[in-house]
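Chemist: Got a structure for you, written out below as structure tokens; questions coming shortly.
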Amino acid sequence: MKTTFPTLFVSHGSPMWAVEPGPIAPALRQLVSPWPKPRAIVVISAHWMSRTPQLSTAQQPETVYDFYGFPSVLYTLQYPAKGPDDETVQLIMDSVQPTILHSMANNPQRGLDHGAWVPLRHMYPDADVPVAEISMYPSMSPAEQYQFGQALNQLRHQGVLVIGSGSLTHNLHEMQPDGAPVPVYVQEFRSWVSEHLAQGDLESMLHYRELSPAGARAHPTPDHLMPLFVAMGAGSDALSEVKYIEGQTTNGVINMDAYMFGAAPVVQ
């Protein structure tokens with residue numbers, strides 16, 4: 001029996017989210033807790049970019065602390081999930097063969113960056129599902145990121161949970177003390193994305209930078225929004241089934257809204 005999973009876009013927020021869950025962590029945990037366990041989780045994180053596409057295949061990936069200057073407790077946390085088994089690695093490799101990522105290479109040294117382990121720490125706290133990451137190809141446009149996600153679409157029908165991990169808004173140049181008022185443009189972009197995803201308006205989403213009132217300011221660089229397009233592509237046969245999970249905004253400018261594409265898992 002094969003289980004079909006939805007795809008998810010989640011925010012990894014500030015690394016402090018690992019120990020300060022806020023309202024989004026229990027919401028995501030409540031979302032996934034009734035589901036059957038995936039055979040594996042594949043994460044596309046804004047914190048792993050490479051010149052050529054890579055797949056993490058470490059049997060026991062280390063917990064990577066790819067951040068600096070945070071409280072010492074964060075550097076003691078572990079997320080001891082196993083890596084993907086050989087069958088899952090082959091399944092992932094086969095899925096990308098017809099695409100521009102056909103040259104994707106195994107990387108047996110790569111650990112899990114905080115774009116993967118921070119949200120998974122809340123969603124799957126027992127670390128009992130194998131996890132692999134696929135690196136992002138930074139030069140690809142939103143449309144190409146969507147096509148990349150489409151190559152992963154078959155994985156969701158094979159019991160694999162595909163997660164894009166970034167931030168719905170991410171302007172580090174305008175970071176404020178936590179608790180500061182949220183700027184208007186952050187709210188404007190959240191509303192614009194919510195409206196167009198609810199309408200299934202893929203074309204507008206792919207041209208968010210030109211069409212949205214605040215897209216360029218919400219994302220001075222596109223890296224943290226690109227995982228949304230990968231998640232949309234991976235759920236491209238279910239874009240009419242969009243679930244919005246409201247997340248808090250930290251430091252004024254890092255919004256943690258999440259989206260699910262597709263229905264809750266069903267066993268086929």
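In the structure tokens, chains take the letters A, B, ... in the order shown, each chain's residues start at 1, and ligands count up from 1 in the order shown.
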Leaving out Pro26 in chain A and any residue of its chain fewer than 5 positions from it, which residues lie within 10 Å of it when counting only C-alpha atoms, given as a ChimeraX atom specification?
Modeler: /A:21,31,122-123
Chemist: Just N, CA and C atoms for this one: save the residues we selected as a tab-separated table (two decimals), in the first residue's frame.
Modeler:
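Okay, this is what ended up in out.tsv:
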```
chain	number	residue	atom	x	y	z
A	21	PRO	N	9.04	27.94	20.49
A	21	PRO	CA	8.18	27.44	19.41
A	21	PRO	C	7.10	28.38	18.94
A	31	LEU	N	-0.85	19.31	12.73
A	31	LEU	CA	-1.14	18.98	11.34
A	31	LEU	C	-0.65	17.58	10.98
A	122	HIS	N	10.12	20.22	15.59
A	122	HIS	CA	8.76	20.41	16.08
A	122	HIS	C	7.77	19.46	15.43
A	123	MET	N	7.95	19.19	14.16
A	123	MET	CA	6.99	18.37	13.43
A	123	MET	C	7.14	16.89	13.74
```
Chemist: Report as JSON lines: every residue of range 77-148 of chain A with an atom at most 6 Å from range 43-49 of chain A, its closest pair of atoms, and their distance in Å to one decimal, counting only C-alpha atoms, with rows sorted by chain and ascending residue number.
Modeler:
```
{"residue": "A:Gly115", "atom": "CA", "partner": "A:Ser45", "partner_atom": "CA", "distance": 5.3}
{"residue": "A:Glu133", "atom": "CA", "partner": "A:Val43", "partner_atom": "CA", "distance": 4.7}
{"residue": "A:Ile134", "atom": "CA", "partner": "A:Ile44", "partner_atom": "CA", "distance": 5.3}
{"residue": "A:Ser135", "atom": "CA", "partner": "A:Trp48", "partner_atom": "CA", "distance": 5.1}
{"residue": "A:Met136", "atom": "CA", "partner": "A:Met49", "partner_atom": "CA", "distance": 4.6}
{"residue": "A:Tyr137", "atom": "CA", "partner": "A:Met49", "partner_atom": "CA", "distance": 5.9}
```
Chemist: Please write the residues from the selection above to a file, keeping C-alpha atoms, as a PDB file, in the first residue's frame.
Modeler:
```
ATOM      1  CA  GLY A 115      16.466  24.894   7.539  1.00  0.00           C
ATOM      2  CA  GLU A 133      18.117  17.278   1.650  1.00  0.00           C
ATOM      3  CA  ILE A 134      18.367  18.404  -1.963  1.00  0.00           C
ATOM      4  CA  SER A 135      20.447  21.498  -2.567  1.00  0.00           C
ATOM      5  CA  MET A 136      18.961  24.528  -4.241  1.00  0.00           C
ATOM      6  CA  TYR A 137      20.253  25.791  -7.540  1.00  0.00           C
TER       7      TYR A 137
END
```
Chemist: So, with only C-alpha atoms as the atoms that count, which of A:Ser14, A:Ser204, A:Thr76, A:Ser167 lies closest to His114 in chain A?
Modeler: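 Closest to His114 in chain A, using only C-alpha atoms: A:Ser14.
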Chemist: Between CA of Leu120 in chain A and CA of Ile163 in chain A, what is the distance, to one decimal in Å?
Modeler: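 The value is 9.9 Å.
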Chemist: Set the distance at 10 Å and use only C-alpha atoms: which residues neighbour range 138-140 of chain A once local chain neighbours fewer than 3 positions away are removed? I'd like the list as JSON, numbers by chain.
Modeler: {"A": [46, 48, 49, 50, 51, 52, 53, 135, 143, 144, 145, 146, 147, 148, 222, 223, 226]}
Chemist: Write out as an NGL selection string all residues of range 68-251 of chain A that DSSP puts in strand (DSSP E or B) for this structure's backbone.
Modeler: :A and (105-107 or 112 or 131-134 or 136 or 160-166 or 169-170 or 242-245 or 249-250)
Chemist: Kindly export the residues of the current selection with N, CA and C atoms, as a JSON list (two decimals), in the first residue's frame.
Modeler:
```json
[["chain", "number", "residue", "atom", "x", "y", "z"],
["A", 105, "ALA", "N", 24.25, 14.83, -7.79],
["A", 105, "ALA", "CA", 25.24, 13.92, -7.23],
["A", 105, "ALA", "C", 24.92, 13.61, -5.78],
["A", 106, "ASN", "N", 25.29, 12.42, -5.35],
["A", 106, "ASN", "CA", 25.19, 12.07, -3.94],
["A", 106, "ASN", "C", 26.23, 12.84, -3.13],
["A", 107, "ASN", "N", 25.85, 13.30, -1.95],
["A", 107, "ASN", "CA", 26.78, 13.94, -1.03],
["A", 107, "ASN", "C", 26.67, 13.22, 0.31],
["A", 112, "LEU", "N", 22.33, 17.96, 8.25],
["A", 112, "LEU", "CA", 21.06, 18.68, 8.17],
["A", 112, "LEU", "C", 21.24, 20.09, 8.70],
["A", 131, "VAL", "N", 15.66, 11.40, 6.73],
["A", 131, "VAL", "CA", 15.63, 12.74, 6.12],
["A", 131, "VAL", "C", 16.76, 12.89, 5.11],
["A", 132, "ALA", "N", 16.43, 13.43, 3.96],
["A", 132, "ALA", "CA", 17.43, 13.80, 2.95],
["A", 132, "ALA", "C", 17.18, 15.25, 2.57],
["A", 133, "GLU", "N", 18.25, 15.93, 2.19],
["A", 133, "GLU", "CA", 18.12, 17.28, 1.65],
["A", 133, "GLU", "C", 18.58, 17.28, 0.20],
["A", 134, "ILE", "N", 17.92, 18.12, -0.60],
["A", 134, "ILE", "CA", 18.37, 18.40, -1.96],
["A", 134, "ILE", "C", 18.77, 19.86, -2.01],
["A", 136, "MET", "N", 19.61, 23.61, -3.32],
["A", 136, "MET", "CA", 18.96, 24.53, -4.24],
["A", 136, "MET", "C", 19.97, 25.03, -5.26],
["A", 160, "VAL", "N", 6.69, 9.70, 0.26],
["A", 160, "VAL", "CA", 7.73, 10.65, 0.65],
["A", 160, "VAL", "C", 7.08, 12.01, 0.89],
["A", 161, "LEU", "N", 7.43, 12.64, 2.00],
["A", 161, "LEU", "CA", 6.95, 13.99, 2.32],
["A", 161, "LEU", "C", 7.98, 15.00, 1.84],
["A", 162, "VAL", "N", 7.59, 15.85, 0.90],
["A", 162, "VAL", "CA", 8.48, 16.88, 0.35],
["A", 162, "VAL", "C", 8.18, 18.20, 1.05],
["A", 163, "ILE", "N", 9.22, 18.83, 1.58],
["A", 163, "ILE", "CA", 9.08, 20.08, 2.32],
["A", 163, "ILE", "C", 10.03, 21.12, 1.74],
["A", 164, "GLY", "N", 9.48, 22.27, 1.38],
["A", 164, "GLY", "CA", 10.31, 23.43, 1.08],
["A", 164, "GLY", "C", 10.43, 24.28, 2.33],
["A", 165, "SER", "N", 11.65, 24.65, 2.70],
["A", 165, "SER", "CA", 11.89, 25.38, 3.95],
["A", 165, "SER", "C", 12.56, 26.71, 3.65],
["A", 166, "GLY", "N", 11.84, 27.80, 3.92],
["A", 166, "GLY", "CA", 12.39, 29.13, 3.71],
["A", 166, "GLY", "C", 11.75, 30.10, 4.68],
["A", 169, "THR", "N", 8.42, 35.95, 4.38],
["A", 169, "THR", "CA", 9.10, 37.23, 4.20],
["A", 169, "THR", "C", 10.45, 37.14, 4.89],
["A", 170, "HIS", "N", 11.45, 37.83, 4.31],
["A", 170, "HIS", "CA", 12.81, 37.62, 4.82],
["A", 170, "HIS", "C", 13.70, 38.78, 4.39],
["A", 242, "VAL", "N", -5.28, 23.95, -1.25],
["A", 242, "VAL", "CA", -4.28, 24.71, -0.50],
["A", 242, "VAL", "C", -4.78, 24.94, 0.92],
["A", 243, "LYS", "N", -3.95, 24.62, 1.87],
["A", 243, "LYS", "CA", -4.27, 24.88, 3.28],
["A", 243, "LYS", "C", -3.27, 25.88, 3.81],
["A", 244, "TYR", "N", -3.78, 26.92, 4.46],
["A", 244, "TYR", "CA", -2.95, 27.97, 5.04],
["A", 244, "TYR", "C", -2.80, 27.72, 6.54],
["A", 245, "ILE", "N", -1.56, 27.78, 7.03],
["A", 245, "ILE", "CA", -1.30, 27.64, 8.47],
["A", 245, "ILE", "C", -0.62, 28.95, 8.91],
["A", 249, "THR", "N", 5.24, 36.44, 13.10],
["A", 249, "THR", "CA", 6.31, 37.21, 12.47],
["A", 249, "THR", "C", 7.32, 37.57, 13.55],
["A", 250, "THR", "N", 8.57, 37.18, 13.35],
["A", 250, "THR", "CA", 9.62, 37.47, 14.32],
["A", 250, "THR", "C", 10.52, 38.57, 13.78]]
```
Chemist: May I ask which of the residues A:Gly200, A:Gly215, A:Gly233, A:Gly83 is the closest one to Pro130 in chain A, counting only C-alpha atoms?
Modeler: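 Using only C-alpha atoms, the shortest distance to Pro130 in chain A belongs to A:Gly83.
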Chemist: Tell me which protein, DNA and RNA residues are within 6 Å of Thr4 in chain A, counting only C-alpha atoms, leaving out same-chain ones fewer than 3 positions away, and put them as a list in words.
Modeler: Arg156, His157, Gly159, Pro265 and Val266 of chain A
Chemist: I need the residue nearest Leu197 in chain A from this list: A:Ala264, A:Val10, A:Leu239, A:Ile254. Use only C-alpha atoms for the distance.
Modeler: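 Using only C-alpha atoms, Leu197 in chain A sits closest to A:Leu239.
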Chemist: Tell me, in Å to one decimal, how far CA of Leu228 in chain A is from CA of Phe9 in chain A.
Modeler: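 Taking CA of Leu228 in chain A and CA of Phe9 in chain A, their separation equals 5.5 Å.
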Chemist: Counting only C-alpha atoms, what is within 6 Å of Leu8 in chain A, bar same-chain residues fewer than 3 positions away, as a PyMOL selection string?
Modeler: chain A and resi 163+231+259-260
Chemist: Which of these, A:Ser212, A:Asn251, A:Gln199, A:Gln59, has the shortest distance to Ala180 in chain A once you count only C-alpha atoms?
Modeler: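 Residue with the minimum atom-to-atom distance to Ala180 in chain A: A:Asn251.
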Chemist: Give the answer as one residue: which of A:Asp237, A:Asp201, A:Glu188, A:Asp257 has the shortest atom-to-atom distance to Ala151 in chain A, using only C-alpha atoms?
Modeler: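 Of the candidates, the smallest distance to Ala151 in chain A is held by A:Asp237.
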Chemist: Which residues are close to Trp117 in chain A, i.e. within 8 Å by only C-alpha atoms, leaving aside same-chain residues fewer than 4 positions away? Reply as a ChimeraX atom specification.
Modeler: /A:63,79,112-113,121
Chemist: Go through A:Gly252, A:Gly13, A:Pro34, A:Gly111 one by one, measure the shortest atom-to-atom distance of each to Pro61 in chain A using only C-alpha atoms, and give the residue with the smallest value.
Modeler: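 Counting only C-alpha atoms, the residue closest to Pro61 in chain A is A:Gly111.
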Chemist: DSSP on the backbone, helix (DSSP H, G or I) only: what residues of range 107-248 of chain A does that give? Format it as a VMD selection string.
Modeler: chain A and resid 114 to 123 142 to 151 153 to 156 172 to 174 184 to 198 202 to 206 208 to 211 215 to 218 226 to 234 236 to 238
